[in-house]
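Visitor: Below you will find the structure I want to go over with you.
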Amino acid sequence: MTSPQPFQLQPFNAPATPQAATPLPASPLSVAGTIARQGERLHLHYVLDDPTGRLRLAAPAPQPSRRDGLWHTTCLELFLAPVGGEAYWEVNLAPSGDWNLYRLDGYRLGLRPEPAYPDLPVQLQRQEGRLILDLELDLGPIAAPETALAVAVCAVLEEREGAISYWALAHPGADPDFHRRDGFLIQLPGRSL
């Protein structure tokens, strides 16, 4: 197993304009966690801290299931790409337990549900001011154990008043765009043959 790699997401801040006299205040929100790979298994651990209770979090679903459009509100996301390949996968994980896993052929091309995953083993814990999400993903259907992966970890956070912020390891463009390959900053090596 690769050692768990810690991550800390950063909010996207629009470029400053001359009219902006003061910088944006620091957010009390925090999204962090760890990611590790063991052969064909990916272990992802998210911790979303919201000490002031400002986020809109969907209630736990009685029967979590695959759903589209989860990114329209609070959603934790993961992007996986074989190093050197064009195709990649997008994982959406909602605080309700609902989920989706999409395949794309290239940058924002051919988005469709990945049929190899009829279910995702997502575990959620809710604590006062905190959401913890754990995912153990079988990589077998999308990547051989020897295939190195480039990974982006992201989040869309919606506040109760409707404001939406975009969080990622880095924001390399002028707009928040989780699909940019230069934002896939975590490297998970494959098993040596």
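Just remember, in the structure tokens the first chain shown is A, the second B, etc., residues are 1-based per chain, and ligands are 1-based in the order shown.
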Got a sec: who's within 8 Å of segment 62-65 of chain A, counting only C-alpha atoms, leaving out chain neighbours fewer than 4 positions off, as a PyMOL selection string?
Guide: chain A and resi 96-99+119
Visitor: I need the chosen residues saved as a compact mmCIF listing (two decimals), in the first residue's frame, with N, CA and C atoms.
Guide:
```
# COMPACT_ATOMS: atom_id res chain seq x y z
N SER A 96 -25.49 13.01 1.36
CA SER A 96 -26.64 12.12 1.56
C SER A 96 -26.25 10.65 1.44
N GLY A 97 -25.06 10.38 0.85
CA GLY A 97 -24.67 9.02 0.54
C GLY A 97 -24.89 8.69 -0.92
N ASP A 98 -25.66 9.53 -1.64
CA ASP A 98 -25.84 9.33 -3.08
C ASP A 98 -24.49 9.56 -3.77
N TRP A 99 -24.33 8.99 -4.96
CA TRP A 99 -23.05 8.99 -5.63
C TRP A 99 -23.22 8.87 -7.14
N ASP A 119 -22.55 0.04 -7.77
CA ASP A 119 -22.66 0.53 -6.40
C ASP A 119 -21.29 1.04 -5.97
```
Visitor: Which residues are near segment 155-157 of chain A? Cut-off 7 Å, only C-alpha atoms, ignore same chain within fewer than 2 positions. Put them as a list in words.
Guide: Leu55, Trp71, Thr73, Thr74, Cys75, Leu76, Glu77, Glu159, Ile164, Ser165, Tyr166, Trp167 and Ala168 of chain A
Visitor: Write to file, as a short mmCIF file (atom, residue, chain, number, x, y, z; two decimals), in the first residue's frame, the residues of the selection just made, with N, CA and C atoms.
Guide:
```
data_model
loop_
_atom_site.label_atom_id
_atom_site.label_comp_id
_atom_site.auth_asym_id
_atom_site.auth_seq_id
_atom_site.Cartn_x
_atom_site.Cartn_y
_atom_site.Cartn_z
N LEU A 55 -23.04 25.38 5.82
CA LEU A 55 -23.25 24.64 4.59
C LEU A 55 -24.61 23.96 4.51
N TRP A 71 -23.24 17.69 -8.30
CA TRP A 71 -22.35 18.85 -8.18
C TRP A 71 -23.10 20.18 -8.13
N THR A 73 -24.95 21.09 -5.76
CA THR A 73 -24.95 21.48 -4.35
C THR A 73 -23.72 20.85 -3.71
N THR A 74 -23.63 20.82 -2.40
CA THR A 74 -22.44 20.29 -1.74
C THR A 74 -22.14 18.87 -2.21
N CYS A 75 -20.92 18.69 -2.72
CA CYS A 75 -20.51 17.41 -3.32
C CYS A 75 -19.00 17.29 -3.22
N LEU A 76 -18.53 16.17 -2.74
CA LEU A 76 -17.10 15.89 -2.71
C LEU A 76 -16.76 15.12 -3.97
N GLU A 77 -15.65 15.48 -4.62
CA GLU A 77 -15.35 14.91 -5.93
C GLU A 77 -13.93 14.37 -5.99
N GLU A 159 -23.56 27.02 0.49
CA GLU A 159 -23.99 27.55 1.78
C GLU A 159 -25.51 27.61 1.84
N ILE A 164 -22.12 29.40 -3.65
CA ILE A 164 -21.39 28.17 -3.96
C ILE A 164 -19.91 28.51 -4.09
N SER A 165 -19.07 27.68 -3.47
CA SER A 165 -17.62 27.84 -3.62
C SER A 165 -17.03 26.54 -4.14
N TYR A 166 -15.88 26.67 -4.80
CA TYR A 166 -15.22 25.55 -5.46
C TYR A 166 -13.85 25.35 -4.83
N TRP A 167 -13.58 24.13 -4.39
CA TRP A 167 -12.37 23.81 -3.64
C TRP A 167 -11.58 22.74 -4.39
N ALA A 168 -10.27 22.90 -4.44
CA ALA A 168 -9.41 21.92 -5.12
C ALA A 168 -8.01 21.98 -4.53
#
```
Visitor: Compile the contact shell of segment 78-91 of chain A as JSON, numbers by chain: residues with an atom at most 10 Å away, counting only C-alpha atoms, same-chain residues fewer than 2 positions apart removed.
Guide: {"A": [44, 75, 76, 93, 99, 100, 101, 102, 103, 104, 105, 106, 107, 108, 109, 110, 111, 112, 113, 114, 120, 139, 142, 143, 144, 147, 148, 149, 150, 151, 152, 153, 154, 155, 168, 178, 179, 180, 181, 183, 184, 186, 187, 188, 189, 190]}
Visitor: Go ahead and dump the residues you just picked, C-alpha atoms, as a PDB file, in the first residue's frame.
Guide:
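Ended up saving to part_5.pdb:
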```pdb
ATOM      1  CA  LEU A  44     -10.100   7.935   0.158  1.00  0.00           C
ATOM      2  CA  CYS A  75     -20.511  17.413  -3.320  1.00  0.00           C
ATOM      3  CA  LEU A  76     -17.098  15.889  -2.707  1.00  0.00           C
ATOM      4  CA  LEU A  93     -20.053  11.822  -3.475  1.00  0.00           C
ATOM      5  CA  TRP A  99     -23.048   8.993  -5.627  1.00  0.00           C
ATOM      6  CA  ASN A 100     -22.048   8.733  -9.254  1.00  0.00           C
ATOM      7  CA  LEU A 101     -18.992   7.603 -11.189  1.00  0.00           C
ATOM      8  CA  TYR A 102     -18.605   8.877 -14.745  1.00  0.00           C
ATOM      9  CA  ARG A 103     -16.189   8.053 -17.547  1.00  0.00           C
ATOM     10  CA  LEU A 104     -14.928  10.748 -19.928  1.00  0.00           C
ATOM     11  CA  ASP A 105     -13.004  10.145 -23.160  1.00  0.00           C
ATOM     12  CA  GLY A 106     -10.977  13.366 -22.934  1.00  0.00           C
ATOM     13  CA  TYR A 107     -11.253  16.857 -21.480  1.00  0.00           C
ATOM     14  CA  ARG A 108     -15.016  17.194 -20.789  1.00  0.00           C
ATOM     15  CA  LEU A 109     -15.783  14.778 -23.667  1.00  0.00           C
ATOM     16  CA  GLY A 110     -18.313  11.948 -23.612  1.00  0.00           C
ATOM     17  CA  LEU A 111     -19.483  12.158 -19.994  1.00  0.00           C
ATOM     18  CA  ARG A 112     -21.433   8.995 -19.191  1.00  0.00           C
ATOM     19  CA  PRO A 113     -22.009   6.764 -16.156  1.00  0.00           C
ATOM     20  CA  GLU A 114     -19.335   4.077 -15.822  1.00  0.00           C
ATOM     21  CA  LEU A 120     -20.005   2.416  -4.423  1.00  0.00           C
ATOM     22  CA  LEU A 139      -9.802   0.188  -9.370  1.00  0.00           C
ATOM     23  CA  ILE A 142     -10.594   1.096 -14.796  1.00  0.00           C
ATOM     24  CA  ALA A 143      -6.873   0.595 -14.093  1.00  0.00           C
ATOM     25  CA  ALA A 144      -4.524  -2.366 -13.929  1.00  0.00           C
ATOM     26  CA  THR A 147      -0.986   1.651 -14.074  1.00  0.00           C
ATOM     27  CA  ALA A 148       0.099   4.893 -12.417  1.00  0.00           C
ATOM     28  CA  LEU A 149      -2.740   7.323 -11.739  1.00  0.00           C
ATOM     29  CA  ALA A 150      -2.948  11.118 -11.631  1.00  0.00           C
ATOM     30  CA  VAL A 151      -5.600  12.305  -9.178  1.00  0.00           C
ATOM     31  CA  ALA A 152      -7.502  15.498  -8.429  1.00  0.00           C
ATOM     32  CA  VAL A 153      -9.455  15.868  -5.200  1.00  0.00           C
ATOM     33  CA  CYS A 154     -12.121  18.601  -5.209  1.00  0.00           C
ATOM     34  CA  ALA A 155     -15.336  19.801  -3.601  1.00  0.00           C
ATOM     35  CA  ALA A 168      -9.412  21.923  -5.121  1.00  0.00           C
ATOM     36  CA  PHE A 178     -11.835  20.495 -11.843  1.00  0.00           C
ATOM     37  CA  HIS A 179     -11.376  18.772 -15.239  1.00  0.00           C
ATOM     38  CA  ARG A 180      -8.068  20.481 -16.085  1.00  0.00           C
ATOM     39  CA  ARG A 181      -5.351  17.849 -16.124  1.00  0.00           C
ATOM     40  CA  GLY A 183      -4.974  20.142 -11.462  1.00  0.00           C
ATOM     41  CA  PHE A 184      -4.482  16.362 -11.114  1.00  0.00           C
ATOM     42  CA  ILE A 186      -1.574  13.650  -6.650  1.00  0.00           C
ATOM     43  CA  GLN A 187       0.389  10.799  -8.202  1.00  0.00           C
ATOM     44  CA  LEU A 188      -0.456   7.226  -7.217  1.00  0.00           C
ATOM     45  CA  PRO A 189       2.179   4.869  -8.601  1.00  0.00           C
ATOM     46  CA  GLY A 190       1.277   1.501 -10.021  1.00  0.00           C
TER      47      GLY A 190
END
```
Visitor: Between A:Pro145, A:Pro176, A:Asn13, A:Arg126, which residue has the minimum interatomic distance to Ser192 of chain A, considering only C-alpha atoms?
Guide: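 Comparing A:Pro145, A:Pro176, A:Asn13, A:Arg126 against Ser192 of chain A, the winner is A:Pro145.
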Visitor: Give the answer as one residue: which of A:Gly129, A:Leu9, A:His171, A:Leu137 has the shortest atom-to-atom distance to Ala116 of chain A, using only C-alpha atoms?
Guide: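 So, comparing all the options, the nearest one is A:Leu137.
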Visitor: Between A:Asn92, A:Gln127, A:Ser3, A:Gln8, single out the one closest to Asp50 of chain A, counting only C-alpha atoms.
Guide: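 Comparing A:Asn92, A:Gln127, A:Ser3, A:Gln8 against Asp50 of chain A, the winner is A:Gln127.
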Visitor: Show which residues sit within 8 Å of Phe7 of chain A, as an MDAnalysis selection string. Count only C-alpha atoms, and ignore same-chain residues fewer than 2 positions away.
Guide: chainID A and resid 5 9 32:35 169
Visitor: Take the residues from that selection and put them in a file with N, CA and C atoms, as a PDB file, in the first residue's frame.
Guide:
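Final output, saved to again_15.pdb:
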```pdb
ATOM      1  N   GLN A   5      -1.471   9.718   1.456  1.00  0.00           N
ATOM      2  CA  GLN A   5      -1.025  11.069   1.135  1.00  0.00           C
ATOM      3  C   GLN A   5      -2.061  12.060   1.652  1.00  0.00           C
ATOM      4  N   LEU A   9      -7.676  21.031   0.632  1.00  0.00           N
ATOM      5  CA  LEU A   9      -8.236  21.757  -0.506  1.00  0.00           C
ATOM      6  C   LEU A   9      -8.257  23.252  -0.235  1.00  0.00           C
ATOM      7  N   ALA A  32     -10.193  18.465   3.985  1.00  0.00           N
ATOM      8  CA  ALA A  32      -8.891  17.801   4.018  1.00  0.00           C
ATOM      9  C   ALA A  32      -9.117  16.297   4.024  1.00  0.00           C
ATOM     10  N   GLY A  33      -8.024  15.548   4.015  1.00  0.00           N
ATOM     11  CA  GLY A  33      -8.158  14.108   4.082  1.00  0.00           C
ATOM     12  C   GLY A  33      -6.887  13.410   3.673  1.00  0.00           C
ATOM     13  N   THR A  34      -7.035  12.136   3.325  1.00  0.00           N
ATOM     14  CA  THR A  34      -5.917  11.323   2.856  1.00  0.00           C
ATOM     15  C   THR A  34      -6.391  10.436   1.718  1.00  0.00           C
ATOM     16  N   ILE A  35      -5.414  10.035   0.885  1.00  0.00           N
ATOM     17  CA  ILE A  35      -5.695   9.115  -0.206  1.00  0.00           C
ATOM     18  C   ILE A  35      -4.524   8.140  -0.301  1.00  0.00           C
ATOM     19  N   LEU A 169      -7.180  21.031  -4.933  1.00  0.00           N
ATOM     20  CA  LEU A 169      -5.780  21.039  -4.519  1.00  0.00           C
ATOM     21  C   LEU A 169      -5.101  22.312  -5.007  1.00  0.00           C
TER      22      LEU A 169
END
```
Visitor: Which distance in Å separates atom CA of Pro60 of chain A and atom CA of Ser27 of chain A, to one decimal?
Guide: 25.3 Å
Visitor: Identify all residues of segment 77-153 of chain A in strand (DSSP E) (DSSP on the backbone) and supply them as a VMD selection string.
Guide: chain A and resid 77 to 82 88 to 93 99 to 104 112 to 113 122 to 127 130 to 138 149 to 153
Visitor: Please write the residues from the selection above to a file, keeping N, CA and C atoms, as a short mmCIF file (atom, residue, chain, number, x, y, z; two decimals), in the first residue's frame.
Guide:
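Saved result, again-v4.cif, follows:
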```cif
data_model
loop_
_atom_site.label_atom_id
_atom_site.label_comp_id
_atom_site.auth_asym_id
_atom_site.auth_seq_id
_atom_site.Cartn_x
_atom_site.Cartn_y
_atom_site.Cartn_z
N GLU A 77 -15.65 15.48 -4.62
CA GLU A 77 -15.35 14.91 -5.93
C GLU A 77 -13.93 14.37 -5.99
N LEU A 78 -13.75 13.42 -6.90
CA LEU A 78 -12.47 12.80 -7.14
C LEU A 78 -12.34 12.56 -8.64
N PHE A 79 -11.19 12.88 -9.21
CA PHE A 79 -10.91 12.64 -10.61
C PHE A 79 -9.69 11.73 -10.71
N LEU A 80 -9.78 10.70 -11.56
CA LEU A 80 -8.71 9.72 -11.73
C LEU A 80 -8.37 9.59 -13.20
N ALA A 81 -7.08 9.58 -13.52
CA ALA A 81 -6.66 9.41 -14.91
C ALA A 81 -5.40 8.57 -14.96
N PRO A 82 -5.36 7.57 -15.85
CA PRO A 82 -4.10 6.87 -16.06
C PRO A 82 -3.07 7.88 -16.58
N TYR A 88 -10.54 9.66 -18.48
CA TYR A 88 -10.48 9.80 -17.03
C TYR A 88 -11.86 9.55 -16.44
N TRP A 89 -11.89 9.44 -15.11
CA TRP A 89 -13.13 9.15 -14.39
C TRP A 89 -13.38 10.22 -13.35
N GLU A 90 -14.66 10.54 -13.16
CA GLU A 90 -15.10 11.53 -12.18
C GLU A 90 -16.01 10.83 -11.19
N VAL A 91 -15.69 10.97 -9.90
CA VAL A 91 -16.49 10.39 -8.83
C VAL A 91 -17.16 11.54 -8.09
N ASN A 92 -18.48 11.48 -7.90
CA ASN A 92 -19.24 12.47 -7.14
C ASN A 92 -19.81 11.79 -5.91
N LEU A 93 -19.61 12.39 -4.74
CA LEU A 93 -20.05 11.82 -3.47
C LEU A 93 -20.82 12.89 -2.70
N TRP A 99 -24.33 8.99 -4.96
CA TRP A 99 -23.05 8.99 -5.63
C TRP A 99 -23.22 8.87 -7.14
N ASN A 100 -22.13 9.10 -7.84
CA ASN A 100 -22.05 8.73 -9.25
C ASN A 100 -20.58 8.58 -9.63
N LEU A 101 -20.34 7.80 -10.65
CA LEU A 101 -18.99 7.60 -11.19
C LEU A 101 -19.14 7.63 -12.70
N TYR A 102 -18.50 8.65 -13.30
CA TYR A 102 -18.60 8.88 -14.75
C TYR A 102 -17.27 8.57 -15.43
N ARG A 103 -17.36 8.19 -16.69
CA ARG A 103 -16.19 8.05 -17.55
C ARG A 103 -16.24 9.18 -18.57
N LEU A 104 -15.06 9.74 -18.87
CA LEU A 104 -14.93 10.75 -19.93
C LEU A 104 -13.81 10.30 -20.86
N ARG A 112 -20.39 10.02 -19.31
CA ARG A 112 -21.43 9.00 -19.19
C ARG A 112 -21.16 8.16 -17.94
N PRO A 113 -22.22 7.62 -17.33
CA PRO A 113 -22.01 6.76 -16.16
C PRO A 113 -21.14 5.56 -16.51
N VAL A 122 -19.54 3.70 0.08
CA VAL A 122 -19.30 4.97 0.74
C VAL A 122 -19.77 4.86 2.18
N GLN A 123 -18.94 5.31 3.10
CA GLN A 123 -19.32 5.35 4.51
C GLN A 123 -19.30 6.81 4.96
N LEU A 124 -20.37 7.22 5.62
CA LEU A 124 -20.50 8.60 6.09
C LEU A 124 -20.65 8.63 7.60
N GLN A 125 -20.03 9.64 8.20
CA GLN A 125 -20.23 9.91 9.62
C GLN A 125 -20.51 11.40 9.76
N ARG A 126 -21.53 11.72 10.51
CA ARG A 126 -21.83 13.12 10.79
C ARG A 126 -21.57 13.38 12.26
N GLN A 127 -20.79 14.43 12.50
CA GLN A 127 -20.51 14.87 13.85
C GLN A 127 -20.86 16.35 13.91
N ARG A 130 -19.01 18.63 11.45
CA ARG A 130 -18.05 17.84 10.66
C ARG A 130 -18.76 16.73 9.91
N LEU A 131 -18.32 16.51 8.67
CA LEU A 131 -18.76 15.37 7.86
C LEU A 131 -17.52 14.58 7.49
N ILE A 132 -17.54 13.28 7.74
CA ILE A 132 -16.43 12.39 7.39
C ILE A 132 -16.95 11.40 6.37
N LEU A 133 -16.23 11.27 5.28
CA LEU A 133 -16.63 10.37 4.21
C LEU A 133 -15.45 9.46 3.87
N ASP A 134 -15.71 8.18 3.80
CA ASP A 134 -14.69 7.20 3.42
C ASP A 134 -15.18 6.41 2.23
N LEU A 135 -14.28 6.22 1.27
CA LEU A 135 -14.57 5.45 0.07
C LEU A 135 -13.44 4.47 -0.15
N GLU A 136 -13.81 3.22 -0.38
CA GLU A 136 -12.83 2.22 -0.81
C GLU A 136 -13.29 1.78 -2.19
N LEU A 137 -12.52 2.17 -3.19
CA LEU A 137 -12.89 1.96 -4.58
C LEU A 137 -12.04 0.86 -5.20
N ASP A 138 -12.71 -0.11 -5.83
CA ASP A 138 -12.02 -1.15 -6.58
C ASP A 138 -11.60 -0.55 -7.92
N LEU A 149 -1.57 6.45 -11.63
CA LEU A 149 -2.74 7.32 -11.74
C LEU A 149 -2.40 8.75 -11.31
N ALA A 150 -2.97 9.72 -12.03
CA ALA A 150 -2.95 11.12 -11.63
C ALA A 150 -4.33 11.42 -11.06
N VAL A 151 -4.35 12.14 -9.93
CA VAL A 151 -5.60 12.30 -9.18
C VAL A 151 -5.82 13.78 -8.84
N ALA A 152 -7.07 14.19 -8.93
CA ALA A 152 -7.50 15.50 -8.43
C ALA A 152 -8.57 15.25 -7.38
N VAL A 153 -8.46 15.94 -6.27
CA VAL A 153 -9.45 15.87 -5.20
C VAL A 153 -10.08 17.25 -5.12
#
```
Visitor: Would you mind reading off the distance between atom CA of Phe12 of chain A and atom CA of Asp177 of chain A, one decimal, in Å?
Guide: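 Result for atom CA of Phe12 of chain A versus atom CA of Asp177 of chain A: 9.6 Å, one decimal.
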Visitor: Rounded to one decimal place, report the atom CA of His45 of chain A-atom CA of Gly69 of chain A distance in Å.
Guide: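 Separation between atom CA of His45 of chain A and atom CA of Gly69 of chain A: 22.2 Å.
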Visitor: From the list A:Ala174, A:Pro4, A:Arg160, A:Asp182, which residue is nearest Leu42 of chain A when using only C-alpha atoms?
Guide: A:Pro4
